[in-house]
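File shown: work-v4.cif. Contents: mmCIF, C-alpha atoms.
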data_start
#
loop_
_atom_site.label_atom_id
_atom_site.label_comp_id
_atom_site.auth_asym_id
_atom_site.auth_seq_id
_atom_site.Cartn_x
_atom_site.Cartn_y
_atom_site.Cartn_z
CA MET N 12 86.68 -141.47 -158.79
CA THR N 13 83.45 -139.67 -158.07
CA SER N 14 80.44 -141.15 -159.77
CA LYS N 15 78.82 -138.75 -162.22
CA SER N 16 75.48 -140.47 -161.85
CA LEU N 17 75.53 -139.94 -158.07
CA ILE N 18 76.21 -136.25 -158.67
CA SER N 19 73.30 -136.14 -161.11
CA LEU N 20 70.96 -137.76 -158.58
CA LEU N 21 71.92 -135.43 -155.71
CA MET N 22 71.57 -132.37 -157.92
CA ALA N 23 68.12 -133.30 -159.25
CA TYR N 24 66.65 -134.05 -155.83
CA GLY N 25 68.46 -131.18 -154.11
CA ASP N 26 67.18 -128.75 -156.73
CA ASP N 27 63.59 -130.01 -156.29
CA GLU N 28 63.78 -129.30 -152.56
CA LEU N 29 65.47 -125.92 -152.97
CA VAL N 30 63.12 -124.62 -155.64
CA LEU N 31 59.88 -125.85 -154.09
CA GLY N 32 61.10 -124.67 -150.68
CA HIS N 33 61.57 -121.22 -152.21
CA ARG N 34 58.04 -121.26 -153.62
CA HIS N 35 56.59 -122.35 -150.27
CA SER N 36 58.47 -119.54 -148.54
CA GLU N 37 56.61 -117.05 -150.73
CA TRP N 38 53.52 -117.73 -148.60
CA THR N 39 55.26 -116.22 -145.57
CA GLY N 40 53.10 -113.24 -144.69
CA PHE N 41 50.51 -114.01 -147.39
CA ALA N 42 48.86 -117.35 -146.58
CA PRO N 43 45.06 -117.37 -146.15
CA HIS N 44 45.37 -117.50 -142.39
CA ILE N 45 48.10 -117.17 -139.84
CA GLU N 46 48.42 -120.86 -138.95
CA GLU N 47 49.08 -121.70 -142.60
CA ASP N 48 51.52 -118.82 -142.80
CA VAL N 49 53.47 -120.55 -140.01
CA ALA N 50 52.97 -124.00 -141.55
CA PHE N 51 54.22 -123.09 -145.03
CA SER N 52 57.14 -121.13 -143.62
CA SER N 53 58.12 -124.17 -141.56
CA ILE N 54 57.67 -126.59 -144.46
CA ALA N 55 59.79 -124.25 -146.61
CA GLN N 56 62.49 -124.29 -143.94
CA ASP N 57 62.44 -128.10 -143.90
CA GLU N 58 62.72 -128.37 -147.68
CA ILE N 59 65.53 -125.85 -147.91
CA GLY N 60 67.28 -127.61 -145.02
CA HIS N 61 66.99 -130.86 -146.95
CA ALA N 62 68.34 -129.16 -150.08
CA SER N 63 71.29 -127.89 -148.10
CA ASN N 64 72.07 -131.43 -146.94
CA TYR N 65 71.96 -132.73 -150.52
CA PHE N 66 74.28 -129.89 -151.55
CA MET N 67 76.66 -130.56 -148.65
CA LEU N 68 77.02 -134.17 -149.86
CA LEU N 69 77.47 -132.88 -153.39
CA ALA N 70 80.04 -130.30 -152.28
CA GLU N 71 82.10 -133.04 -150.57
CA LEU N 72 82.03 -135.20 -153.68
CA THR N 73 82.92 -132.44 -156.11
CA ASP N 74 85.16 -130.33 -153.86
CA ASP N 75 82.76 -127.43 -154.32
CA ASP N 76 80.84 -125.12 -152.00
CA ALA N 77 77.25 -125.85 -150.96
CA ASP N 78 76.18 -122.20 -151.24
CA ARG N 79 77.64 -121.92 -154.73
CA LEU N 80 75.87 -125.10 -155.74
CA ALA N 81 72.58 -123.77 -154.42
CA LEU N 82 72.79 -120.20 -155.65
CA GLY N 83 75.73 -119.80 -158.01
CA ARG N 84 74.61 -121.76 -161.05
CA ASP N 85 73.12 -120.55 -164.32
CA PRO N 86 69.42 -121.31 -164.83
CA SER N 87 70.11 -124.07 -167.36
CA GLU N 88 72.26 -125.90 -164.78
CA TYR N 89 69.33 -126.53 -162.42
CA ARG N 90 67.76 -129.98 -162.61
CA ASN N 91 64.53 -129.56 -160.64
CA ALA N 92 61.28 -130.88 -162.07
CA VAL N 93 59.16 -128.16 -163.65
CA ILE N 94 56.31 -128.57 -161.13
CA CYS N 95 58.60 -127.27 -158.36
CA GLU N 96 59.21 -123.96 -160.13
CA ARG N 97 55.58 -123.14 -161.00
CA ALA N 98 54.28 -119.92 -159.52
CA ASN N 99 52.14 -120.53 -156.44
CA GLY N 100 48.93 -119.52 -158.19
CA ASP N 101 46.07 -119.83 -155.75
CA TRP N 102 45.87 -121.68 -152.44
CA ALA N 103 44.17 -124.67 -154.07
CA TYR N 104 46.98 -125.18 -156.60
CA THR N 105 49.57 -124.78 -153.83
CA LEU N 106 47.78 -127.37 -151.76
CA ALA N 107 47.45 -129.82 -154.67
CA ARG N 108 51.15 -129.48 -155.47
CA HIS N 109 52.19 -129.80 -151.81
CA TRP N 110 50.17 -133.01 -151.49
CA LEU N 111 51.48 -134.50 -154.74
CA TYR N 112 55.08 -133.47 -154.15
CA ASP N 113 55.28 -134.81 -150.62
CA ALA N 114 53.73 -138.13 -151.66
CA ALA N 115 56.30 -138.37 -154.47
CA ASP N 116 59.11 -137.40 -152.11
CA ASP N 117 58.05 -140.05 -149.60
CA ILE N 118 58.21 -142.72 -152.32
CA ARG N 119 61.66 -141.76 -153.52
CA LEU N 120 63.05 -141.34 -149.98
CA ASP N 121 61.80 -144.83 -149.21
CA ALA N 122 63.93 -146.03 -152.14
CA LEU N 123 66.92 -143.87 -151.19
CA GLU N 124 67.02 -145.45 -147.73
CA ARG N 125 68.52 -148.43 -149.61
CA SER N 126 71.01 -146.36 -151.61
CA ALA N 127 74.50 -147.78 -152.04
CA ASN N 128 75.80 -144.41 -150.86
CA LYS N 129 75.60 -144.78 -147.09
CA GLU N 130 75.55 -141.08 -146.30
CA LEU N 131 72.69 -140.53 -148.72
CA ALA N 132 70.80 -143.51 -147.28
CA GLN N 133 71.21 -142.16 -143.73
CA LEU N 134 70.13 -138.69 -144.79
CA ALA N 135 67.06 -140.18 -146.50
CA THR N 136 66.07 -142.01 -143.31
CA LYS N 137 66.35 -138.81 -141.32
CA MET N 138 64.49 -136.64 -143.84
CA ARG N 139 61.69 -139.15 -144.25
CA ARG N 140 60.93 -139.01 -140.53
CA GLU N 141 60.59 -135.22 -140.69
CA GLU N 142 58.54 -135.39 -143.86
CA ARG N 143 55.83 -137.32 -142.00
CA TYR N 144 54.52 -133.99 -140.78
CA HIS N 145 54.29 -132.68 -144.34
CA LEU N 146 52.26 -135.73 -145.33
CA ILE N 147 49.91 -135.36 -142.36
CA HIS N 148 49.46 -131.66 -143.11
CA ALA N 149 48.77 -132.20 -146.82
CA ASP N 150 46.38 -135.10 -146.19
CA MET N 151 44.46 -133.10 -143.62
CA TRP N 152 43.94 -130.21 -146.04
CA MET N 153 43.02 -132.47 -148.97
CA LYS N 154 40.32 -134.11 -146.83
CA ARG N 155 39.10 -130.82 -145.46
CA VAL N 156 38.74 -129.17 -148.87
CA ALA N 157 37.46 -132.28 -150.68
CA HIS N 158 34.68 -132.67 -148.11
CA GLY N 159 34.03 -128.96 -147.79
CA PRO N 160 31.92 -126.46 -149.72
CA VAL N 161 31.67 -126.81 -153.48
CA GLU N 162 33.63 -123.68 -154.33
CA GLY N 163 36.79 -124.85 -152.59
CA ARG N 164 36.40 -128.35 -153.92
CA SER N 165 36.06 -127.08 -157.45
CA LYS N 166 39.18 -124.94 -157.09
CA LEU N 167 41.05 -127.96 -155.74
CA GLU N 168 39.98 -130.01 -158.76
CA THR N 169 41.30 -127.30 -161.06
CA GLY N 170 44.57 -127.17 -159.13
CA LEU N 171 44.91 -130.94 -159.23
CA SER N 172 44.26 -131.14 -162.96
CA SER N 173 47.39 -129.16 -163.76
CA ALA N 174 49.49 -130.26 -160.79
CA PHE N 175 48.92 -134.01 -161.20
CA ALA N 176 50.00 -133.98 -164.83
CA GLU N 177 53.16 -132.05 -164.03
CA ALA N 178 53.93 -134.10 -160.90
CA ILE N 179 54.76 -136.95 -163.27
CA GLY N 180 57.80 -134.87 -164.23
CA LEU N 181 59.25 -135.58 -160.78
CA PHE N 182 59.90 -139.08 -162.11
CA GLU N 183 61.37 -138.04 -165.42
CA PRO N 184 64.61 -140.05 -165.55
CA ILE N 185 67.60 -138.14 -164.20
CA GLU N 186 70.67 -137.71 -166.36
CA LEU N 187 72.73 -140.95 -166.26
CA GLU N 188 69.71 -142.73 -164.75
CA GLY N 189 70.89 -146.16 -166.00
CA GLU N 190 74.24 -145.78 -164.27
CA ALA N 191 72.63 -144.42 -161.09
CA VAL N 192 70.45 -147.53 -160.91
CA ASP N 193 73.23 -149.97 -161.89
CA GLU N 194 75.63 -148.46 -159.36
CA GLY N 195 72.96 -148.66 -156.67
CA TRP N 196 72.72 -144.94 -155.85
CA LEU N 197 69.07 -144.98 -156.93
CA PRO N 198 67.95 -148.50 -155.98
CA THR N 199 64.61 -148.24 -157.80
CA PRO N 200 64.35 -146.81 -161.33
CA SER N 201 62.30 -143.63 -161.76
CA SER N 202 59.78 -145.48 -163.95
CA GLU N 203 58.93 -147.85 -161.07
CA LEU N 204 58.76 -145.00 -158.56
CA LYS N 205 56.39 -143.25 -160.96
CA SER N 206 54.02 -146.23 -161.11
CA THR N 207 53.99 -146.46 -157.31
CA PHE N 208 53.27 -142.74 -157.12
CA ILE N 209 50.41 -142.80 -159.61
CA GLU N 210 48.82 -145.76 -157.87
CA ARG N 211 49.09 -144.18 -154.44
CA ALA N 212 47.82 -140.78 -155.58
CA THR N 213 44.91 -142.15 -157.60
CA ASN N 214 43.85 -144.41 -154.72
CA THR N 215 43.68 -141.45 -152.36
CA LEU N 216 41.87 -139.30 -154.91
CA ASP N 217 39.36 -142.12 -155.38
CA ASP N 218 38.82 -142.29 -151.63
CA LEU N 219 38.23 -138.54 -151.54
CA GLY N 220 35.86 -138.69 -154.51
CA LEU N 221 38.12 -136.47 -156.58
CA PRO N 222 38.84 -137.00 -160.29
CA THR N 223 41.81 -139.29 -160.87
CA GLU N 224 42.48 -138.89 -164.54
CA VAL N 225 45.95 -137.53 -165.12
CA ARG N 226 45.84 -134.97 -167.85
CA ALA N 227 48.64 -132.93 -169.27
CA SER N 228 47.76 -130.32 -171.81
CA LEU N 229 50.06 -130.02 -174.76
CA ASP N 230 49.94 -126.66 -176.48
CA GLU N 231 46.43 -126.51 -175.05
CA SER N 232 45.35 -128.79 -177.91
CA ALA N 233 46.19 -132.40 -177.21
CA GLU N 234 45.88 -134.19 -173.93
CA PHE N 235 47.78 -137.04 -172.33
CA VAL N 236 46.65 -139.44 -169.67
CA ALA N 237 48.71 -141.73 -167.48
CA SER N 238 48.23 -145.39 -168.32
CA SER N 239 48.31 -147.97 -165.55
CA SER N 240 51.98 -148.56 -166.32
CA GLY N 241 52.62 -144.93 -165.51
CA ASP N 242 53.57 -143.95 -169.06
CA LEU N 243 51.95 -140.91 -170.53
CA ILE N 244 49.88 -141.77 -173.56
CA ALA N 245 47.76 -139.64 -175.83
CA SER N 246 44.28 -139.26 -174.46
CA PRO N 247 41.70 -140.94 -176.70
CA ASP N 248 39.67 -137.75 -176.78
CA GLY N 249 42.65 -135.51 -177.50
CA ASP N 250 41.99 -134.84 -181.18
CA ASP N 251 45.46 -134.12 -182.49
CA ALA N 252 47.96 -135.80 -180.18
CA LYS N 253 51.45 -135.19 -181.51
CA PRO N 254 54.36 -137.21 -180.16
CA THR N 255 55.75 -134.10 -178.54
CA ARG N 256 56.66 -133.70 -174.91
CA PRO N 257 53.79 -133.20 -172.48
CA THR N 258 54.00 -130.29 -170.11
CA GLY N 259 55.96 -130.76 -166.91
CA LEU N 260 58.91 -132.60 -168.45
CA GLY N 261 62.35 -131.28 -169.36
CA GLY N 262 63.41 -130.07 -165.91
CA ARG N 263 65.80 -132.98 -165.41
CA SER N 264 67.80 -131.85 -168.44
CA GLY N 265 67.74 -128.17 -167.48
CA GLU N 266 64.81 -127.04 -169.64
CA HIS N 267 62.78 -124.68 -167.50
CA THR N 268 59.85 -122.32 -167.89
CA ALA N 269 59.50 -118.56 -167.56
CA ASP N 270 58.36 -119.21 -163.98
CA PHE N 271 61.83 -120.54 -163.22
CA ASP N 272 63.58 -117.46 -164.63
CA GLN N 273 61.55 -115.26 -162.30
CA LEU N 274 62.26 -117.53 -159.31
CA TRP N 275 65.97 -117.86 -160.12
CA GLY N 276 66.34 -114.10 -160.42
CA GLU N 277 64.91 -113.54 -156.99
CA MET N 278 66.45 -116.57 -155.25
CA THR N 279 70.01 -115.86 -156.39
CA LYS N 280 69.92 -112.04 -156.29
CA THR N 281 71.81 -111.54 -153.01
CA TYR N 282 74.36 -114.19 -153.94
CA ARG N 283 75.02 -112.55 -157.31
CA GLU N 284 75.15 -109.00 -156.00
CA HIS N 285 77.36 -109.76 -153.02
CA PRO N 286 79.76 -112.52 -154.04
CA GLY N 287 81.31 -114.28 -151.07
CA ALA N 288 78.91 -112.73 -148.54
CA SER N 289 78.23 -114.88 -145.51
CA TRP N 290 75.46 -114.72 -142.94
CA MET Z 27 97.56 -143.14 -121.31
CA THR Z 28 94.20 -144.81 -120.96
CA THR Z 29 93.66 -143.16 -117.61
CA ILE Z 30 94.54 -139.73 -118.98
CA SER Z 31 92.22 -140.25 -121.95
CA ALA Z 32 89.45 -141.41 -119.66
CA THR Z 33 89.94 -138.35 -117.45
CA ILE Z 34 89.78 -136.08 -120.48
CA GLU Z 35 86.70 -137.85 -121.77
CA LEU Z 36 84.93 -137.38 -118.45
CA ALA Z 37 85.86 -133.69 -118.42
CA VAL Z 38 84.55 -133.34 -121.99
CA TRP Z 39 81.18 -134.83 -121.05
CA GLU Z 40 80.98 -132.50 -118.06
CA ALA Z 41 81.78 -129.52 -120.26
CA LEU Z 42 79.21 -130.60 -122.86
CA ALA Z 43 76.57 -130.75 -120.14
CA THR Z 44 76.95 -126.96 -119.82
CA VAL Z 45 76.52 -126.25 -123.56
CA PRO Z 46 72.91 -125.19 -124.19
CA ASP Z 47 70.79 -125.81 -127.24
CA PRO Z 48 70.74 -122.22 -128.58
CA GLU Z 49 67.02 -122.36 -129.38
CA ILE Z 50 66.09 -124.03 -126.08
CA PRO Z 51 68.73 -122.65 -123.71
CA ALA Z 52 67.27 -124.47 -120.69
CA VAL Z 53 68.40 -127.82 -122.09
CA SER Z 54 71.99 -128.91 -122.72
CA VAL Z 55 73.12 -130.71 -125.83
CA VAL Z 56 73.76 -133.76 -123.64
CA ASP Z 57 70.20 -133.78 -122.26
CA MET Z 58 68.91 -133.29 -125.81
CA GLY Z 59 70.65 -136.58 -126.62
CA MET Z 60 72.62 -134.93 -129.39
CA ILE Z 61 76.05 -136.24 -128.43
CA LYS Z 62 76.59 -139.57 -130.12
CA ARG Z 63 80.12 -140.10 -128.82
CA VAL Z 64 83.29 -138.56 -127.54
CA ASP Z 65 86.59 -140.04 -128.72
CA VAL Z 66 89.87 -139.14 -127.09
CA VAL Z 67 93.21 -140.15 -128.59
CA GLY Z 68 96.15 -138.65 -126.72
CA ASP Z 69 95.14 -135.01 -126.34
CA GLU Z 70 92.97 -135.01 -129.48
CA VAL Z 71 89.23 -134.95 -128.92
CA CYS Z 72 86.54 -135.75 -131.44
CA VAL Z 73 82.89 -135.08 -130.59
CA THR Z 74 80.22 -136.58 -132.85
CA ILE Z 75 76.86 -134.80 -132.89
CA LEU Z 76 73.48 -136.01 -134.13
CA PRO Z 77 71.57 -133.03 -135.60
CA THR Z 78 67.99 -132.88 -134.30
CA PHE Z 79 66.20 -131.59 -137.41
CA THR Z 80 68.04 -131.42 -140.75
CA GLY Z 81 66.73 -127.94 -141.46
CA CYS Z 82 67.61 -126.59 -138.03
CA PRO Z 83 69.95 -123.63 -138.44
CA ALA Z 84 71.13 -123.99 -134.82
CA ILE Z 85 73.50 -126.80 -135.76
CA GLY Z 86 76.24 -124.39 -136.89
CA VAL Z 87 76.12 -122.55 -133.56
CA ILE Z 88 76.02 -125.83 -131.64
CA LYS Z 89 79.15 -127.11 -133.41
CA GLN Z 90 80.93 -123.87 -132.62
CA ASP Z 91 79.85 -123.84 -128.96
CA VAL Z 92 80.77 -127.50 -128.48
CA GLY Z 93 84.20 -126.93 -130.04
CA ALA Z 94 84.83 -123.88 -127.85
CA ALA Z 95 83.73 -125.59 -124.62
CA VAL Z 96 86.01 -128.57 -125.24
CA ALA Z 97 88.97 -126.49 -126.42
CA ALA Z 98 88.86 -124.54 -123.15
CA LEU Z 99 89.59 -127.68 -121.10
CA SER Z 100 93.09 -128.20 -119.80
CA GLY Z 101 94.84 -131.19 -121.30
CA VAL Z 102 92.97 -130.91 -124.61
CA GLY Z 103 95.21 -130.33 -127.61
CA SER Z 104 92.87 -130.29 -130.59
CA VAL Z 105 89.13 -130.65 -131.07
CA THR Z 106 87.11 -131.79 -134.05
CA VAL Z 107 83.33 -131.71 -134.10
CA GLU Z 108 81.57 -133.95 -136.57
CA THR Z 109 77.92 -134.55 -137.42
CA THR Z 110 76.24 -137.71 -138.60
CA PHE Z 111 72.71 -138.97 -139.29
CA ASP Z 112 73.73 -142.48 -138.23
CA PRO Z 113 71.63 -143.17 -136.25
CA PRO Z 114 69.00 -140.52 -136.94
CA TRP Z 115 68.41 -138.35 -133.87
CA THR Z 116 65.04 -139.30 -132.41
CA THR Z 117 63.07 -137.66 -129.61
CA ASP Z 118 63.43 -140.68 -127.33
CA ARG Z 119 67.09 -139.64 -126.96
CA ILE Z 120 66.04 -136.67 -124.79
CA THR Z 121 66.85 -137.58 -121.18
CA GLU Z 122 64.40 -137.45 -118.26
CA GLU Z 123 66.27 -134.38 -117.02
CA GLY Z 124 65.92 -132.87 -120.51
CA ARG Z 125 62.17 -133.51 -120.52
CA ALA Z 126 61.77 -131.85 -117.13
CA ARG Z 127 63.76 -128.84 -118.35
CA LEU Z 128 61.67 -128.56 -121.52
CA LYS Z 129 58.55 -128.40 -119.38
CA GLU Z 130 60.04 -125.74 -117.11
CA PHE Z 131 60.96 -123.79 -120.24
CA GLY Z 132 57.29 -123.88 -121.27
CA LEU Z 133 57.57 -126.56 -123.93
CA ALA Z 134 55.52 -129.75 -123.66
CA PRO Z 135 58.03 -132.60 -124.02
CA PRO Z 136 57.64 -135.23 -126.73
CA THR Z 137 55.33 -138.02 -125.66
CA GLY Z 138 56.76 -141.06 -127.40
CA GLU Z 139 58.44 -143.61 -125.21
CA GLY Z 140 61.15 -145.77 -126.67
CA PRO Z 141 62.30 -145.49 -130.28
CA VAL Z 142 59.70 -143.68 -132.37
CA LEU Z 143 58.56 -145.87 -135.26
CA ILE Z 144 58.22 -143.93 -138.48
CA ALA Z 145 54.60 -144.99 -138.89
CA ASN Z 146 53.82 -143.56 -135.45
CA ILE Z 147 55.36 -140.17 -136.03
CA GLY Z 148 52.70 -137.51 -135.71
CA LEU Z 149 50.74 -135.59 -133.17
CA PRO Z 150 50.56 -137.03 -129.68
CA LYS Z 151 47.23 -138.46 -128.60
CA ARG Z 152 47.30 -136.03 -125.74
CA ALA Z 153 49.51 -133.03 -125.12
CA GLU Z 154 49.82 -131.90 -121.55
CA CYS Z 155 49.84 -128.16 -120.93
CA PRO Z 156 53.29 -127.30 -119.49
CA PHE Z 157 51.75 -124.45 -117.47
CA CYS Z 158 48.77 -126.03 -115.69
CA GLY Z 159 49.15 -129.75 -116.42
CA SER Z 160 45.71 -130.05 -118.05
CA THR Z 161 45.23 -132.42 -120.97
CA ASP Z 162 42.16 -130.50 -122.11
CA THR Z 163 44.18 -129.11 -125.00
CA HIS Z 164 43.91 -129.03 -128.76
CA ASN Z 165 46.35 -128.74 -131.61
CA GLU Z 166 46.35 -125.44 -133.48
CA ASN Z 167 49.16 -126.17 -135.90
CA LEU Z 168 51.39 -129.12 -136.80
CA PHE Z 169 54.14 -126.57 -137.27
CA GLY Z 170 55.54 -123.78 -135.15
CA PRO Z 171 58.29 -121.19 -134.77
CA THR Z 172 61.07 -123.78 -135.19
CA PRO Z 173 61.08 -127.07 -137.13
CA CYS Z 174 60.81 -129.07 -133.90
CA ARG Z 175 57.68 -127.47 -132.43
CA ALA Z 176 53.90 -127.73 -132.88
CA LEU Z 177 51.35 -125.25 -131.52
CA TYR Z 178 48.63 -126.10 -128.99
CA TYR Z 179 46.00 -124.29 -126.98
CA CYS Z 180 45.05 -125.14 -123.42
CA GLU Z 181 41.29 -124.93 -122.78
CA SER Z 182 41.86 -125.03 -119.04
CA CYS Z 183 44.27 -122.13 -118.44
CA ARG Z 184 43.58 -120.56 -121.85
CA GLN Z 185 47.22 -120.34 -122.79
CA PRO Z 186 48.75 -121.19 -126.14
CA PHE Z 187 51.77 -123.45 -125.78
CA GLU Z 188 54.27 -125.33 -127.88
CA GLN Z 189 54.98 -129.03 -127.96
CA PHE Z 190 58.26 -130.65 -128.95
CA LYS Z 191 57.27 -132.89 -131.85
CA ASP Z 192 57.95 -136.59 -131.76
CA VAL Z 193 60.32 -137.48 -134.55
#
Structure re-expressed in structure tokens:
Amino acid sequence: MTSKSLISLLMAYGDDELVLGHRHSEWTGFAPHIEEDVAFSSIAQDEIGHASNYFMLLAELTDDDADRLALGRDPSEYRNAVICERANGDWAYTLARHWLYDAADDIRLDALERSANKELAQLATKMRREERYHLIHADMWMKRVAHGPVEGRSKLETGLSSAFAEAIGLFEPIELEGEAVDEGWLPTPSSELKSTFIERATNTLDDLGLPTEVRASLDESAEFVASSSGDLIASPDGDDAKPTRPTGLGGRSGEHTADFDQLWGEMTKTYREHPGASW
Amino acid sequence: MTTISATIELAVWEALATVPDPEIPAVSVVDMGMIKRVDVVGDEVCVTILPTFTGCPAIGVIKQDVGAAVAALSGVGSVTVETTFDPPWTTDRITEEGRARLKEFGLAPPTGEGPVLIANIGLPKRAECPFCGSTDTHNENLFGPTPCRALYYCESCRQPFEQFKDV
């Protein structure tokens, strides 16, 4: 019998790659200079290629079709983290998200290399090798902008302040997380991956002299910070912190933002208008 | 039986050596190190391929071309073409012949010797211009027109060129 928690894991991670890959591809033709146009197009191709491999595994397990899984679901059936669906905004936000996402992806792929599902473990090993180039690219840009003129640095700080808070949502537990961990599909629980991620990201930000406080605005009124354990807690200076969900969470249970509706509409348009088309 | 199978297997390898990588037609799938194994049972042939980059769209065409080349051989009844990431394809699988062909094609070959350790994956310390042989070159982009290529510029002959990334 096919494990439902394995399906949940593949869908969450596959959707992250698909949706962020789609956002990256929106820079094709529009990036600030031609080399970054090429770079983001290539990174997008990698991420969508990775998504397609997750969906091929999923299709085998569920006797479904990888294209249908990628493009034939209703918006509420997608399980990507909210940060992946956010509109690209400016170059600085894009860069901050790229750096945070690829660091997070590296940490979870490292764990997946030990997955009890052999095919997934082998895929993780392969993807992680390719992802090295994403990490090098993101690190190079973070250094360049952090050490560059004040205008760019200030834009990067603004981008980081929203992206870092929402990046935590990449480690929101997947559906059936307990089973996925117990059955060995996800060898390290999301909460541990999250702590590793926050430590790694804050260390690099410290080295670059960038602010490390993780803030997530809640209805623009209360703020949350990440504690050393990785849990989000109300910020001491947030005046009216309610125990409501901070921004960036909900994606793993299919709760998305208006940004996702726009992306979904565009991403699935051809599939919906021409059912069964192949190319 | 064994002899017939061995004969078929040899013919299959010879046929595969004529199947080009569709994005780098100068190099065969054998010289790219993409063929993990060929299994022959009776007249049934199974070819197992290691995809180079997971996001490379050429893999569909490669599977088709490999299947067609093998099916055309006399003595072959049925062909299956499978892919696996076990082991991951790495650039050290490209043969010496393959590296020479890459260079002729205008692509600087990967520089890593032996299995590429994940921590060492990245830009080569020096990339040699495939046109003039100079190492007075600099990287312009970690990425390029396909997932496997990075962009360089040669200061000596003033030509842009592409390098096959170590992975």
With only C-alpha atoms as the counted atoms, please give the residues lying no more than 10 Å from Z:Ile88, apart from itself and same-chain residues fewer than 5 positions off, as a PDB file with C-alpha atoms, keeping the file's coordinate frame.
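Wrote it out as selection.pdb, contents follow:
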ATOM      1  CA  VAL Z  45      76.520-126.250-123.560  1.00  0.00           C
ATOM      2  CA  PRO Z  46      72.910-125.190-124.190  1.00  0.00           C
ATOM      3  CA  ASP Z  47      70.790-125.810-127.240  1.00  0.00           C
ATOM      4  CA  PRO Z  48      70.740-122.220-128.580  1.00  0.00           C
ATOM      5  CA  GLU Z  49      67.020-122.360-129.380  1.00  0.00           C
ATOM      6  CA  VAL Z  55      73.120-130.710-125.830  1.00  0.00           C
ATOM      7  CA  MET Z  60      72.620-134.930-129.390  1.00  0.00           C
ATOM      8  CA  ILE Z  75      76.860-134.800-132.890  1.00  0.00           C
ATOM      9  CA  PRO Z  77      71.570-133.030-135.600  1.00  0.00           C
ATOM     10  CA  PRO Z  83      69.950-123.630-138.440  1.00  0.00           C
ATOM     11  CA  GLY Z  93      84.200-126.930-130.040  1.00  0.00           C
ATOM     12  CA  ALA Z  94      84.830-123.880-127.850  1.00  0.00           C
ATOM     13  CA  VAL Z 107      83.330-131.710-134.100  1.00  0.00           C
TER      14      VAL Z 107
END
### Task
Would you write out, as a ChimeraX atom specification, every residue that the PyMOL selection byres ((chain N) within 10 of (chain Z)) captures in this file?
/N:45-64,129-148
### Message
Can you spell out as a PyMOL selection string the set of residues that the PyMOL selection byres ((chain N and resi 219) around 8) selects in the structure I just provided?
### Response
chain N and resi 154+157-158+215-218+220-221
### Query
Can you tell me how far atom CA of N:Ala23 sits from atom CA of N:Glu203, in Å to one decimal?
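Distance reported for this atom pair: 17.3 Å.
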#### Entry: the PyMOL selection byres ((chain N and resi 182-199) around 10) applied to the shown file, residues as an MDAnalysis selection string
chainID N and resid 14:24 90:92 115 119:129 131:132 177:181 200:206 208 241 259:264
#### Entry: Separation of atom CA of Z:Ile61 from atom CA of Z:Glu188 in Å
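Atom-to-atom, atom CA of Z:Glu188 to atom CA of Z:Ile61, that is 24.4 Å.
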### Query
Between atom CA of Z:Ser182 and atom CA of N:Met151, what is the distance, to one decimal in Å?
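Between atom CA of Z:Ser182 and atom CA of N:Met151 the gap works out to 26.0 Å.
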### Task
Find the residues around Z:Arg125 up to 10 Å (only C-alpha atoms counted), leave out those fewer than 2 positions away in its own chain, and share them as a ChimeraX atom specification.
/Z:53,57-58,118,120-123,127-131,133-137,190
### Task
Up to 12 Å from (86.5, -125.9, -126.2) in the file's coordinates: name the residues, counting only C-alpha atoms, as an MDAnalysis selection string.
chainID Z and resid 37:42 44:45 70:73 88:107
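Closest to N:Met153 among N:Ala42, N:Asp117, N:Ala212, N:Asp75 is N:Ala212, based on all atoms listed in the file.
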### Query
Pick the closest to Z:Gly159 from Z:Glu35, Z:Tyr178, Z:Ile30, Z:Cys183: which is it, counting all atoms listed in the file?
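Nearest candidate to Z:Gly159 out of Z:Glu35, Z:Tyr178, Z:Ile30, Z:Cys183: Z:Cys183.
Residue nearest Z:Val64 within the list Z:Cys158, Z:Glu181, Z:Thr163, Z:Ala32: Z:Ala32 [criterion: smallest interatomic distance, all atoms listed in the file].
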### Task
Identify, on the basis of all atoms listed in the file, every residue whose closest approach to stretch 93-96 of chain N does not exceed 10 Å; exclude the query and any residue fewer than 6 positions from it along the same chain; express the result as a PyMOL selection string.
chain N and resi 26-35+108-109+111-112+173-181+258-263+265-275
